[in-house]
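Heads up, the thing below is written out as structure tokens.
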Amino acid sequence: MKSYKKRRLIFNVFRFNSETDHLPYYVKYEMEVSQDEVVLDILNRIKWEFDGSFSYRRSCRHGICGSCAIKVNQKPVLSCKENVFHLADMFGEELTLEPQDEKRAIKDMVIDKKNFWQKYSSVKPFLVAEVQSHPKKENIVVQEEADELDEADYCIQCGNCFYTCPVVNANDDYLGPAALLKAFRFNTDVRDENRSQRLDIINEPGAGVWDCVKCYECAEACPKELSPISKITKLHNQIFEDGKALNNVATRHAIGFKSSIQKHGILDEGELVRYSEGNIGVLKHLPEAYAMWKKGKIVMPWDMPKSKNMDEIKKLVDIASTVDF
Amino acid sequence: MSKLRYALYTGCTAKESTPELLKSTLAVAEALDIELVLLDEASCCGASHLQDFDDFLSLTLNARNICYAEKLGLTMVTICNTCQLNTSMTKERLDNDKALKAKVNQKLNEIGLEYKGNVEVKHFLYALIDDMGVEEIAKRVKRPLKNINIAPFYGCHNIRPSELQKKNNGGENPYVPDSLEKLIDAIGGNSIDYAHKNKCCGFHVELQAPKTANRLSGDAMLDAMDNNADVVVTPCPLCHLRLDVQQHNISKEVGRDIDMPILHLPQMLGLALGLFPEDLGLEHNITDINFV
């Protein structure tokens, strides 16, 4: 007979009541956990077996409502989906349970998600289309067109990608991965008629796709494995495809790679900064450039190395380019 | 053990703004009896920006780079996390999509090349850890970095997305990476545990959003400082450029003085292997490497 495994684990749990507490505190709960329990079982057991005032969000228990997202040892999880043994294997016998964003805690695991929903609704996360009151035929989307959504329609708005995104934490204006994924989802829908306006929103410096740091934290955090960053990349592509790219430092930075590769094979770092910032903007980098030059970190234009077989690279840039600016 | 041989994709920064990275990599490889064949034909990987503009061009250029490692029949090693990401992501996409591979090969055929997908791509860190092994490295340590508190800074693109790293790189768990700690142990240093070791430095928005970049780097540096780090070590030259060259701007943004030496992975290793500062290009580092 297969033995049923149990382990004794300690849960170090973030506790806070914004109405009565000045500061949050952590309480340890020790319990025997069996091999098939998920984090949501632990949250339930804390409430039922230890402290009835313990608060957390939960609803469907089937990984579809997105309510029960929290962090375990800083790893964003969907409580109803994450096996506890799996986490103990990763982090050890003591697991720290915290809300998605401690700064926004209302009570224990429950946070104020207002910032998430505000960003989310700002990208018009719905299908915008003229709907006839008496349609004469079906509005058919063929499989290939549906595949273009790249499963972005599976997002359950749990907020894990948003609250783990370091840019959201550093810049209040940034829309964050969930809203950007949603913008992609409707921008890519053949029935939608709002693509242009949505691209204007997500193209905005400070708020849109150009502020993504490409850390892939969102891809790691998504319980539905939707890789929001890959949709952010596709939004960048849509901006160029639709001729929406503004002539600014961020777009020139992306385009500058092509001309540099065409000329040297490798990147001309100094020229990329000059091209991206412009002849006047580049001056603000002089202190760093001087410090680097003194340390032998700047290659002068006349010493710029080139890749071998440049003819191949030039030809490849010529024949494999698919986008113009 | 037969001699380890790799095709080295240096990336661009090692030939320009971080010459010390190339120098120290070659010096360490020699000290460890690893043969590195330079892929001088390779072009820039696009640094995760070219694909925002032209994804297909970026794929084709990266596939061409891999072709040259394939010609040599050697595993490609990278010394930049972002080169690693772009190259392995290209490999992953082409190896799993016949139509895309054919489309890319159609272009490559015009310059007499063909992408086959028969070599591995891994960062030098994992060539050291997984192919050579930390025991082997420990045996060659001549000057253990005893009593030095070393804070590992992993850099995003060697650990995330984890699915990709499992198949093509070290397979590190992005929430509990430990390869750098293993290496620090092997050379006798104290590794510092701090929450930001696997976080982002913000390099990729340095031009358009310097405030964000400085905030992210600053949070990491202060965390390392507050956990008594004497030095930070990173396998990524882009993280290095951020933390080393921009340290004064990071200090300004977070409002605290930061005076933290930043080493490239092979510079740290080289010191333990008994190499001299000049072999490792320490004179190129902007931050003062004051603990040597």
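Identifiers for the structure tokens are assigned positionally: chains receive A, B, ... in sequence, residues are indexed from 1 per chain, and ligands are indexed from 1 in the order shown.
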Would you return as a tab-separated table (two decimals) with C-alpha atoms, in the first residue's frame the members of range 194-291 of chain B that DSSP assigns to alpha helix (DSSP H) on this structure's backbone?
```tsv
chain	number	residue	atom	x	y	z
B	210	PRO	CA	16.51	56.41	-15.04
B	211	LYS	CA	14.54	57.01	-11.85
B	212	THR	CA	13.05	53.51	-12.00
B	213	ALA	CA	16.43	51.99	-12.81
B	214	ASN	CA	18.12	53.78	-9.91
B	215	ARG	CA	15.35	52.85	-7.50
B	216	LEU	CA	15.61	49.15	-8.35
B	217	SER	CA	19.41	49.11	-8.17
B	218	GLY	CA	19.28	51.18	-4.99
B	219	ASP	CA	16.91	48.80	-3.21
B	220	ALA	CA	19.26	45.93	-4.03
B	221	MET	CA	22.43	47.76	-2.99
B	222	LEU	CA	20.98	48.96	0.32
B	223	ASP	CA	19.77	45.44	1.07
B	224	ALA	CA	23.27	44.06	0.41
B	225	MET	CA	24.83	46.84	2.53
B	226	ASP	CA	22.45	46.33	5.43
B	237	PRO	CA	27.86	42.76	-17.34
B	238	LEU	CA	24.65	44.78	-17.70
B	239	CYS	CA	23.98	44.51	-13.94
B	240	HIS	CA	27.65	45.38	-13.49
B	247	GLN	CA	26.58	53.83	-8.30
B	248	HIS	CA	26.77	57.57	-7.57
B	249	ASN	CA	23.41	58.14	-9.29
B	250	ILE	CA	21.89	55.21	-7.40
B	251	SER	CA	23.14	56.76	-4.16
B	252	LYS	CA	21.49	60.06	-5.05
B	253	GLU	CA	18.17	58.41	-5.84
B	254	VAL	CA	17.92	56.43	-2.60
B	265	LEU	CA	31.94	36.64	-11.52
B	266	PRO	CA	35.28	35.69	-13.17
B	267	GLN	CA	37.05	38.56	-11.38
B	268	MET	CA	36.01	37.11	-8.03
B	269	LEU	CA	36.95	33.61	-9.07
B	270	GLY	CA	40.25	34.79	-10.50
B	271	LEU	CA	41.26	36.42	-7.21
B	272	ALA	CA	40.65	33.13	-5.40
```
Original post:
Which neighbours of Asp211 in chain A fall inside 9 Å, counting only C-alpha atoms, when residues of the same chain fewer than 4 positions from it are skipped, and could you give them as a list in words?
Top reply: Val167, Tyr174, Pro205, Gly206, Ala207 and Ala250 of chain A; His204, Val205, Gln208, Ala209 and Thr212 of chain B
Could you write those residues out with N, CA and C atoms, as a PDB file, in the first residue's frame?
```
ATOM      1  N   VAL A 167       8.480  47.457 -11.323  1.00  0.00           N
ATOM      2  CA  VAL A 167       8.212  48.805 -11.849  1.00  0.00           C
ATOM      3  C   VAL A 167       6.942  49.375 -11.219  1.00  0.00           C
ATOM      4  N   TYR A 174       2.937  53.484 -13.812  1.00  0.00           N
ATOM      5  CA  TYR A 174       3.076  52.319 -14.699  1.00  0.00           C
ATOM      6  C   TYR A 174       1.826  51.437 -14.664  1.00  0.00           C
ATOM      7  N   PRO A 205       4.876  57.317 -22.491  1.00  0.00           N
ATOM      8  CA  PRO A 205       6.088  57.185 -21.655  1.00  0.00           C
ATOM      9  C   PRO A 205       5.728  57.307 -20.170  1.00  0.00           C
ATOM     10  N   GLY A 206       6.326  56.463 -19.364  1.00  0.00           N
ATOM     11  CA  GLY A 206       6.039  56.492 -17.917  1.00  0.00           C
ATOM     12  C   GLY A 206       4.973  55.491 -17.525  1.00  0.00           C
ATOM     13  N   ALA A 207       3.938  55.337 -18.376  1.00  0.00           N
ATOM     14  CA  ALA A 207       2.822  54.460 -18.026  1.00  0.00           C
ATOM     15  C   ALA A 207       2.835  53.147 -18.809  1.00  0.00           C
ATOM     16  N   ALA A 250      12.989  56.083 -26.008  1.00  0.00           N
ATOM     17  CA  ALA A 250      12.724  54.646 -25.862  1.00  0.00           C
ATOM     18  C   ALA A 250      12.632  53.946 -27.215  1.00  0.00           C
TER      19      ALA A 250
ATOM     20  N   HIS B 204      17.494  47.768 -18.276  1.00  0.00           N
ATOM     21  CA  HIS B 204      16.857  47.930 -19.581  1.00  0.00           C
ATOM     22  C   HIS B 204      16.005  49.192 -19.739  1.00  0.00           C
ATOM     23  N   VAL B 205      15.795  49.926 -18.656  1.00  0.00           N
ATOM     24  CA  VAL B 205      15.109  51.223 -18.818  1.00  0.00           C
ATOM     25  C   VAL B 205      16.002  52.390 -18.396  1.00  0.00           C
ATOM     26  N   GLN B 208      15.366  55.532 -20.754  1.00  0.00           N
ATOM     27  CA  GLN B 208      14.050  56.187 -20.765  1.00  0.00           C
ATOM     28  C   GLN B 208      13.450  56.382 -19.374  1.00  0.00           C
ATOM     29  N   ALA B 209      13.889  55.619 -18.382  1.00  0.00           N
ATOM     30  CA  ALA B 209      13.322  55.769 -17.035  1.00  0.00           C
ATOM     31  C   ALA B 209      14.418  55.607 -15.982  1.00  0.00           C
ATOM     32  N   THR B 212      13.415  54.899 -12.290  1.00  0.00           N
ATOM     33  CA  THR B 212      13.047  53.508 -11.995  1.00  0.00           C
ATOM     34  C   THR B 212      14.303  52.652 -11.861  1.00  0.00           C
TER      35      THR B 212
END
```
Proximity check chain B to chain A, 6 Å, nearest pairs one decimal Å, only C-alpha atoms, as a Markdown table:
```
| residue | atom | partner | partner_atom | distance |
| --- | --- | --- | --- | --- |
| B:Cys12 | CA | A:Ile266 | CA | 5.7 |
| B:Glu16 | CA | A:Val299 | CA | 5.8 |
| B:Ser17 | CA | A:Lys297 | CA | 4.3 |
| B:Asp40 | CA | A:Lys308 | CA | 5.7 |
| B:Glu41 | CA | A:Lys308 | CA | 4.3 |
| B:Ser43 | CA | A:Gly265 | CA | 4.5 |
| B:Cys44 | CA | A:Ile266 | CA | 4.5 |
| B:His49 | CA | A:Ala254 | CA | 4.9 |
| B:Leu50 | CA | A:Ala254 | CA | 5.4 |
| B:Asp52 | CA | A:His236 | CA | 5.2 |
| B:Phe53 | CA | A:Asn237 | CA | 5.8 |
| B:Asp54 | CA | A:Val323 | CA | 5.8 |
| B:Leu57 | CA | A:Ser321 | CA | 5.2 |
| B:Ile111 | CA | A:Glu312 | CA | 5.8 |
| B:Cys156 | CA | A:Cys215 | CA | 5.4 |
| B:Arg160 | CA | A:Tyr216 | CA | 5.8 |
| B:Pro161 | CA | A:Tyr216 | CA | 5.9 |
| B:Cys200 | CA | A:Cys215 | CA | 5.8 |
| B:Gly202 | CA | A:Val213 | CA | 5.6 |
| B:His204 | CA | A:Val213 | CA | 5.3 |
| B:Val205 | CA | A:Val213 | CA | 5.8 |
| B:Gln208 | CA | A:Ala250 | CA | 5.5 |
| B:Thr212 | CA | A:Ala170 | CA | 5.9 |
| B:His284 | CA | A:Lys295 | CA | 4.8 |
```
Original post:
Given the choices B:Asp130, B:Glu181, B:Asp33, B:Asp279, which gets closest to Lys197 in chain B if the distance is worked out from only C-alpha atoms?
Top reply: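 Of the candidates, the smallest distance to Lys197 in chain B is held by B:Glu181.
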Original post:
In terms of the shortest atom-to-atom distance over only C-alpha atoms, which of A:Asn279, A:Ala69, A:His134, A:Tyr29 is closest to Ile42 in chain A?
Top reply: A:Tyr29
